[in-house]
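**Student:** File follows, run22.cif with mmCIF, C-alpha atoms:
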data_entry
loop_
_atom_site.label_atom_id
_atom_site.label_comp_id
_atom_site.auth_asym_id
_atom_site.auth_seq_id
_atom_site.Cartn_x
_atom_site.Cartn_y
_atom_site.Cartn_z
CA MET A 1 108.74 -35.30 22.99
CA SER A 2 106.83 -37.52 20.58
CA GLY A 3 110.00 -39.53 20.11
CA ILE A 4 110.05 -40.37 23.81
CA GLN A 5 106.37 -41.24 23.82
CA ASP A 6 106.93 -43.54 20.83
CA PHE A 7 109.88 -45.14 22.61
CA ILE A 8 107.82 -45.78 25.75
CA ALA A 9 104.85 -47.11 23.80
CA ASN A 10 107.15 -49.47 21.93
CA GLU A 11 108.78 -50.71 25.15
CA VAL A 12 105.50 -51.48 26.91
CA LYS A 13 104.00 -53.13 23.83
CA THR A 14 106.95 -55.30 22.90
CA ASN A 15 107.79 -56.50 26.43
CA ASP A 16 105.22 -58.43 28.48
CA VAL A 17 106.27 -56.89 31.79
CA VAL A 18 108.10 -53.57 32.05
CA LEU A 19 109.08 -51.71 35.20
CA PHE A 20 110.06 -48.06 34.92
CA MET A 21 112.15 -47.56 38.02
CA LYS A 22 114.94 -45.63 39.66
CA GLY A 23 118.10 -47.65 39.37
CA THR A 24 118.26 -51.16 37.99
CA PRO A 25 116.72 -54.45 39.17
CA GLU A 26 120.20 -55.38 40.41
CA PHE A 27 120.73 -52.04 42.15
CA PRO A 28 117.53 -50.11 42.85
CA GLN A 29 118.18 -46.52 43.90
CA CYS A 30 114.83 -45.86 45.53
CA GLY A 31 112.99 -47.75 48.25
CA PHE A 32 109.71 -47.85 46.33
CA SER A 33 111.37 -49.17 43.18
CA GLY A 34 113.23 -51.67 45.33
CA GLN A 35 109.99 -52.99 46.81
CA VAL A 36 108.51 -53.65 43.38
CA VAL A 37 111.70 -55.39 42.27
CA GLN A 38 111.52 -57.66 45.33
CA ILE A 39 107.88 -58.50 44.58
CA LEU A 40 108.52 -59.27 40.91
CA ASP A 41 111.53 -61.38 41.82
CA TYR A 42 109.53 -63.25 44.46
CA VAL A 43 106.69 -63.89 42.02
CA GLY A 44 109.32 -65.12 39.60
CA VAL A 45 108.30 -63.23 36.48
CA ASN A 46 110.65 -62.09 33.77
CA TYR A 47 110.54 -58.34 33.31
CA LYS A 48 112.44 -55.51 31.75
CA GLY A 49 113.64 -52.76 34.08
CA ILE A 50 114.11 -49.31 32.62
CA ASN A 51 116.17 -46.90 34.70
CA VAL A 52 114.61 -43.46 34.49
CA LEU A 53 117.57 -41.92 36.31
CA ALA A 54 119.66 -42.64 33.24
CA ASP A 55 117.53 -40.43 30.99
CA ALA A 56 115.71 -37.26 32.06
CA ASP A 57 113.46 -37.40 29.00
CA ILE A 58 112.22 -40.86 29.94
CA ARG A 59 111.82 -39.80 33.56
CA GLN A 60 109.41 -37.03 32.57
CA GLY A 61 108.06 -38.90 29.54
CA ILE A 62 106.77 -41.86 31.53
CA LYS A 63 104.88 -39.53 33.86
CA ASP A 64 103.23 -37.93 30.84
CA TYR A 65 102.59 -41.28 29.17
CA SER A 66 100.54 -42.65 32.05
CA ASN A 67 99.42 -39.35 33.58
CA TRP A 68 100.90 -40.67 36.82
CA PRO A 69 103.16 -38.43 38.89
CA THR A 70 105.53 -40.92 40.47
CA ILE A 71 107.95 -43.74 39.79
CA PRO A 72 108.04 -46.80 39.86
CA GLN A 73 105.41 -47.70 37.27
CA LEU A 74 104.61 -51.27 36.27
CA TYR A 75 103.19 -52.26 32.88
CA VAL A 76 101.84 -55.67 31.89
CA LYS A 77 101.07 -56.33 28.22
CA GLY A 78 101.02 -52.61 27.57
CA GLU A 79 98.61 -51.86 30.41
CA PHE A 80 99.58 -49.57 33.27
CA ILE A 81 99.11 -51.57 36.48
CA GLY A 82 100.17 -49.05 39.09
CA GLY A 83 102.94 -47.87 41.37
CA CYS A 84 104.45 -49.34 44.49
CA ASP A 85 101.31 -49.25 46.69
CA ILE A 86 99.09 -50.87 44.06
CA VAL A 87 101.62 -53.53 43.12
CA ARG A 88 102.10 -54.42 46.78
CA GLU A 89 98.36 -54.61 47.46
CA MET A 90 97.83 -56.76 44.38
CA PHE A 91 100.72 -59.02 45.37
CA GLN A 92 99.42 -59.45 48.92
CA SER A 93 95.93 -60.34 47.69
CA GLY A 94 97.24 -62.66 44.97
CA GLU A 95 95.74 -60.51 42.22
CA LEU A 96 99.12 -59.71 40.73
CA GLN A 97 99.96 -63.37 40.29
CA SER A 98 96.53 -64.22 38.86
CA HIS A 99 96.60 -61.22 36.55
CA LEU A 100 99.95 -62.28 35.13
CA GLN A 101 98.73 -65.84 34.63
CA GLU A 102 95.53 -64.64 32.97
CA GLN A 103 97.72 -62.69 30.57
CA GLY A 104 99.58 -65.89 29.73
CA ILE A 105 102.79 -64.78 31.45
CA SER A 106 104.65 -67.53 33.27
CA ILE A 107 105.53 -67.11 36.92
CA LYS A 108 107.87 -69.40 38.76
CA GLY A 109 107.40 -68.39 42.37
CA ALA A 110 105.17 -69.61 45.16
CA ALA A 111 101.47 -68.92 44.68
CA MET B 1 101.46 -29.01 52.47
CA LYS B 2 99.98 -31.61 54.79
CA SER B 3 97.19 -29.24 55.76
CA SER B 4 96.50 -28.14 52.19
CA ILE B 5 96.23 -31.79 51.07
CA THR B 6 94.01 -32.63 54.03
CA GLY B 7 91.70 -29.74 53.15
CA LYS B 8 91.48 -30.74 49.50
CA LEU B 9 90.74 -34.37 50.31
CA GLU B 10 88.05 -33.41 52.81
CA ALA B 11 86.41 -31.10 50.30
CA ALA B 12 86.55 -33.56 47.43
CA PHE B 13 85.66 -36.85 49.11
CA SER B 14 83.93 -36.08 52.44
CA PRO B 15 85.89 -38.99 53.89
CA GLU B 16 84.67 -41.12 56.79
CA ARG B 17 88.26 -41.41 57.93
CA LEU B 18 91.32 -39.48 56.82
CA GLU B 19 94.95 -39.33 57.86
CA VAL B 20 97.75 -37.51 56.12
CA VAL B 21 101.07 -38.61 57.57
CA ASN B 22 104.42 -36.93 56.98
CA GLU B 23 106.99 -39.70 56.45
CA SER B 24 109.73 -37.44 55.15
CA HIS B 25 112.00 -38.22 58.09
CA LEU B 26 112.09 -41.85 56.94
CA HIS B 27 113.69 -40.76 53.68
CA ALA B 28 116.31 -38.37 55.02
CA GLY B 29 119.54 -38.66 53.07
CA HIS B 30 117.88 -40.51 50.20
CA LYS B 31 118.85 -37.50 48.10
CA PRO B 32 121.15 -34.71 49.25
CA GLU B 33 118.26 -32.24 49.36
CA PHE B 34 116.12 -34.52 51.56
CA ASP B 35 117.08 -33.49 55.07
CA GLY B 36 114.05 -35.21 56.60
CA GLY B 37 112.70 -31.93 57.90
CA GLY B 38 110.45 -30.97 55.00
CA GLU B 39 107.41 -32.48 53.38
CA THR B 40 108.81 -34.59 50.57
CA HIS B 41 107.18 -37.92 51.42
CA LEU B 42 103.56 -38.04 52.55
CA ARG B 43 101.11 -40.88 53.09
CA VAL B 44 97.36 -40.53 52.61
CA ARG B 45 95.03 -42.93 54.37
CA ILE B 46 91.43 -42.38 53.42
CA VAL B 47 88.08 -44.14 53.63
CA ALA B 48 85.36 -42.59 51.50
CA SER B 49 82.23 -43.82 49.79
CA ALA B 50 83.39 -42.01 46.64
CA PHE B 51 85.83 -44.88 46.09
CA SER B 52 83.12 -47.55 45.90
CA GLY B 53 83.22 -49.13 42.48
CA MET B 54 86.51 -47.47 41.56
CA GLY B 55 89.57 -49.54 40.78
CA ARG B 56 92.91 -48.95 42.46
CA VAL B 57 94.41 -46.90 39.67
CA ALA B 58 91.29 -44.71 39.47
CA ARG B 59 91.41 -44.05 43.22
CA HIS B 60 95.05 -43.02 43.07
CA ARG B 61 94.40 -40.85 40.03
CA ALA B 62 91.52 -39.09 41.76
CA ILE B 63 93.84 -38.24 44.66
CA ASN B 64 96.85 -37.41 42.51
CA ASP B 65 94.77 -35.02 40.42
CA LEU B 66 94.05 -33.01 43.56
CA VAL B 67 97.67 -32.64 44.58
CA LYS B 68 99.30 -31.59 41.30
CA ALA B 69 100.27 -28.27 42.85
CA GLU B 70 101.97 -30.05 45.75
CA PHE B 71 103.99 -32.25 43.40
CA ASP B 72 105.06 -29.12 41.52
CA ALA B 73 106.03 -27.54 44.84
CA GLY B 74 108.43 -30.29 45.86
CA LEU B 75 106.35 -33.25 46.98
CA HIS B 76 108.34 -36.27 45.87
CA ALA B 77 106.30 -39.30 46.91
CA LEU B 78 102.69 -39.81 47.94
CA ALA B 79 101.78 -43.20 49.33
CA VAL B 80 98.06 -43.88 49.08
CA GLU B 81 95.86 -46.26 51.04
CA ALA B 82 92.39 -45.61 49.69
CA ALA B 83 89.40 -47.71 50.72
CA ALA B 84 85.66 -47.62 50.36
CA PRO B 85 83.57 -48.11 53.52
CA GLY B 86 83.55 -51.76 54.52
CA GLU B 87 86.84 -52.60 52.86
CA PRO B 88 89.63 -53.73 55.16
CA THR B 89 92.19 -51.17 56.22
CA ARG B 90 95.43 -51.58 58.13
CA TRP B 91 95.09 -48.47 60.23
#
Represent the structure from my file as structure tokens, please.
**Tutor:**
Amino acid sequence: MSGIQDFIANEVKTNDVVLFMKGTPEFPQCGFSGQVVQILDYVGVNYKGINVLADADIRQGIKDYSNWPTIPQLYVKGEFIGGCDIVREMFQSGELQSHLQEQGISIKGAA
Amino acid sequence: MKSSITGKLEAAFSPERLEVVNESHLHAGHKPEFDGGGETHLRVRIVASAFSGMGRVARHRAINDLVKAEFDAGLHALAVEAAAPGEPTRW
């Protein structure tokens, strides 16, 4: 258990933007994960996708890590941002883009 | 499940407005066990003064904490639209 928590902590601390999702950014296997992928791609930010379907320990471990019951989960600079609803609301209001820029993370997409 | 969640939300937040919508039929076939007829995917729309001054994650956590039993009983996804009075809603 602690090994998984250490793995997750390392992933979110060593990658600026991490998305725990079902499937991969190239082939999401869940509509909610797919929506977040589309938003991140539109914003034009580099991120690491981690497929929780590939590892049952990560799938449960990420829920424990954040005390959040569902997937996807987006992390920026080690901070849990939210799931699909929150990411979409932040994208639509422009907060997601401004938050990334405030964190010094480059985005290529339209403002 | 919809009625138990509605009751818990009413008791906890005394909401001005509340809707719990069953969207499970939209996800039929997404996994073999989702036949669209159960309560796997629900959406909560809620306006309550309790959310004033709370961030998005805190609002979701407050709701998720109430429905742990439902997640354990087979709820798969809970979409949340939580607003404080005066904030814009889309419903």
**Student:** Expanded to explicit residues, what is the PyMOL selection byres ((chain A) within 9 of (chain B)) for this file, as a ChimeraX atom specification?
**Tutor:** /A:29-31,67-71,80-86
**Student:** What is the CA of Gln103 in chain A-CA of Leu19 in chain A distance in Å, reported with one decimal?
**Tutor:** 16.5 Å
**Student:** To test your reading of the syntax: which residues would the PyMOL selection byres ((chain B and resi 9) around 10) return for the file shown? Reply as a list in words.
**Tutor:**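 The output of the PyMOL selection byres ((chain B and resi 9) around 10) on this file is Ser3, Ser4, Ile5, Thr6, Gly7, Lys8, Glu10, Ala11, Ala12, Phe13, Ser14, Pro15, Leu18, Glu19, Val20, Val44, Ile46, Ala48, Ala62, Ile63, Leu66 and Val67 of chain B.
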**Student:** Enter the distance from CA of Lys48 in chain A to CA of Pro25 in chain A, in Å, rounded to one decimal.
**Tutor:**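 Separation between CA of Lys48 in chain A and CA of Pro25 in chain A: 8.6 Å.
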**Student:** Give me, please, the distance in Å between CA of Thr24 in chain A and CA of Gly104 in chain A, quoted to one decimal.
**Tutor:** 25.2 Å
**Student:** Find the smallest box with edges along x, y and z containing every listed atom of range 97-110 of chain A, then add 8 Å on each side and report centre and edge lengths in Å to one decimal, as JSON.
**Tutor:**
{"center_x": 101.7, "center_y": -65.4, "center_z": 37.4, "size_x": 28.3, "size_y": 24.4, "size_z": 31.4}
**Student:** Because some atoms of range 56-67 of chain B are absent here, can you restore N, CA, C and O atoms and send them as an mmCIF file, in the coordinates of the input?
**Tutor:**
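Wrote it out as out_8.cif, contents follow:
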data_model
loop_
_atom_site.group_PDB
_atom_site.id
_atom_site.type_symbol
_atom_site.label_atom_id
_atom_site.label_comp_id
_atom_site.auth_asym_id
_atom_site.auth_seq_id
_atom_site.Cartn_x
_atom_site.Cartn_y
_atom_site.Cartn_z
ATOM 1 N N ARG B 56 91.784 -49.550 41.727
ATOM 2 C CA ARG B 56 92.910 -48.950 42.460
ATOM 3 C C ARG B 56 93.516 -47.779 41.725
ATOM 4 O O ARG B 56 93.806 -46.738 42.318
ATOM 5 N N VAL B 57 93.757 -47.968 40.424
ATOM 6 C CA VAL B 57 94.410 -46.900 39.670
ATOM 7 C C VAL B 57 93.516 -45.663 39.661
ATOM 8 O O VAL B 57 93.994 -44.536 39.841
ATOM 9 N N ALA B 58 92.211 -45.856 39.500
ATOM 10 C CA ALA B 58 91.290 -44.710 39.470
ATOM 11 C C ALA B 58 91.296 -43.973 40.804
ATOM 12 O O ALA B 58 91.231 -42.739 40.843
ATOM 13 N N ARG B 59 91.370 -44.706 41.896
ATOM 14 C CA ARG B 59 91.410 -44.050 43.220
ATOM 15 C C ARG B 59 92.670 -43.199 43.357
ATOM 16 O O ARG B 59 92.617 -42.052 43.813
ATOM 17 N N HIS B 60 93.801 -43.786 42.975
ATOM 18 C CA HIS B 60 95.050 -43.020 43.070
ATOM 19 C C HIS B 60 95.002 -41.792 42.168
ATOM 20 O O HIS B 60 95.443 -40.715 42.553
ATOM 21 N N ARG B 61 94.468 -41.981 40.955
ATOM 22 C CA ARG B 61 94.400 -40.850 40.030
ATOM 23 C C ARG B 61 93.538 -39.733 40.595
ATOM 24 O O ARG B 61 93.871 -38.548 40.469
ATOM 25 N N ALA B 62 92.412 -40.106 41.208
ATOM 26 C CA ALA B 62 91.520 -39.090 41.760
ATOM 27 C C ALA B 62 92.245 -38.275 42.820
ATOM 28 O O ALA B 62 92.056 -37.059 42.929
ATOM 29 N N ILE B 63 93.069 -38.943 43.616
ATOM 30 C CA ILE B 63 93.840 -38.240 44.660
ATOM 31 C C ILE B 63 94.989 -37.454 44.043
ATOM 32 O O ILE B 63 95.208 -36.283 44.358
ATOM 33 N N ASN B 64 95.715 -38.099 43.132
ATOM 34 C CA ASN B 64 96.850 -37.410 42.510
ATOM 35 C C ASN B 64 96.421 -36.136 41.795
ATOM 36 O O ASN B 64 97.134 -35.132 41.810
ATOM 37 N N ASP B 65 95.246 -36.197 41.156
ATOM 38 C CA ASP B 65 94.770 -35.020 40.420
ATOM 39 C C ASP B 65 94.584 -33.826 41.347
ATOM 40 O O ASP B 65 94.698 -32.679 40.919
ATOM 41 N N LEU B 66 94.274 -34.089 42.604
ATOM 42 C CA LEU B 66 94.050 -33.010 43.560
ATOM 43 C C LEU B 66 95.349 -32.381 44.043
ATOM 44 O O LEU B 66 95.337 -31.263 44.572
ATOM 45 N N VAL B 67 96.434 -33.107 43.940
ATOM 46 C CA VAL B 67 97.670 -32.640 44.580
ATOM 47 C C VAL B 67 98.760 -32.301 43.555
ATOM 48 O O VAL B 67 99.942 -32.312 43.871
#
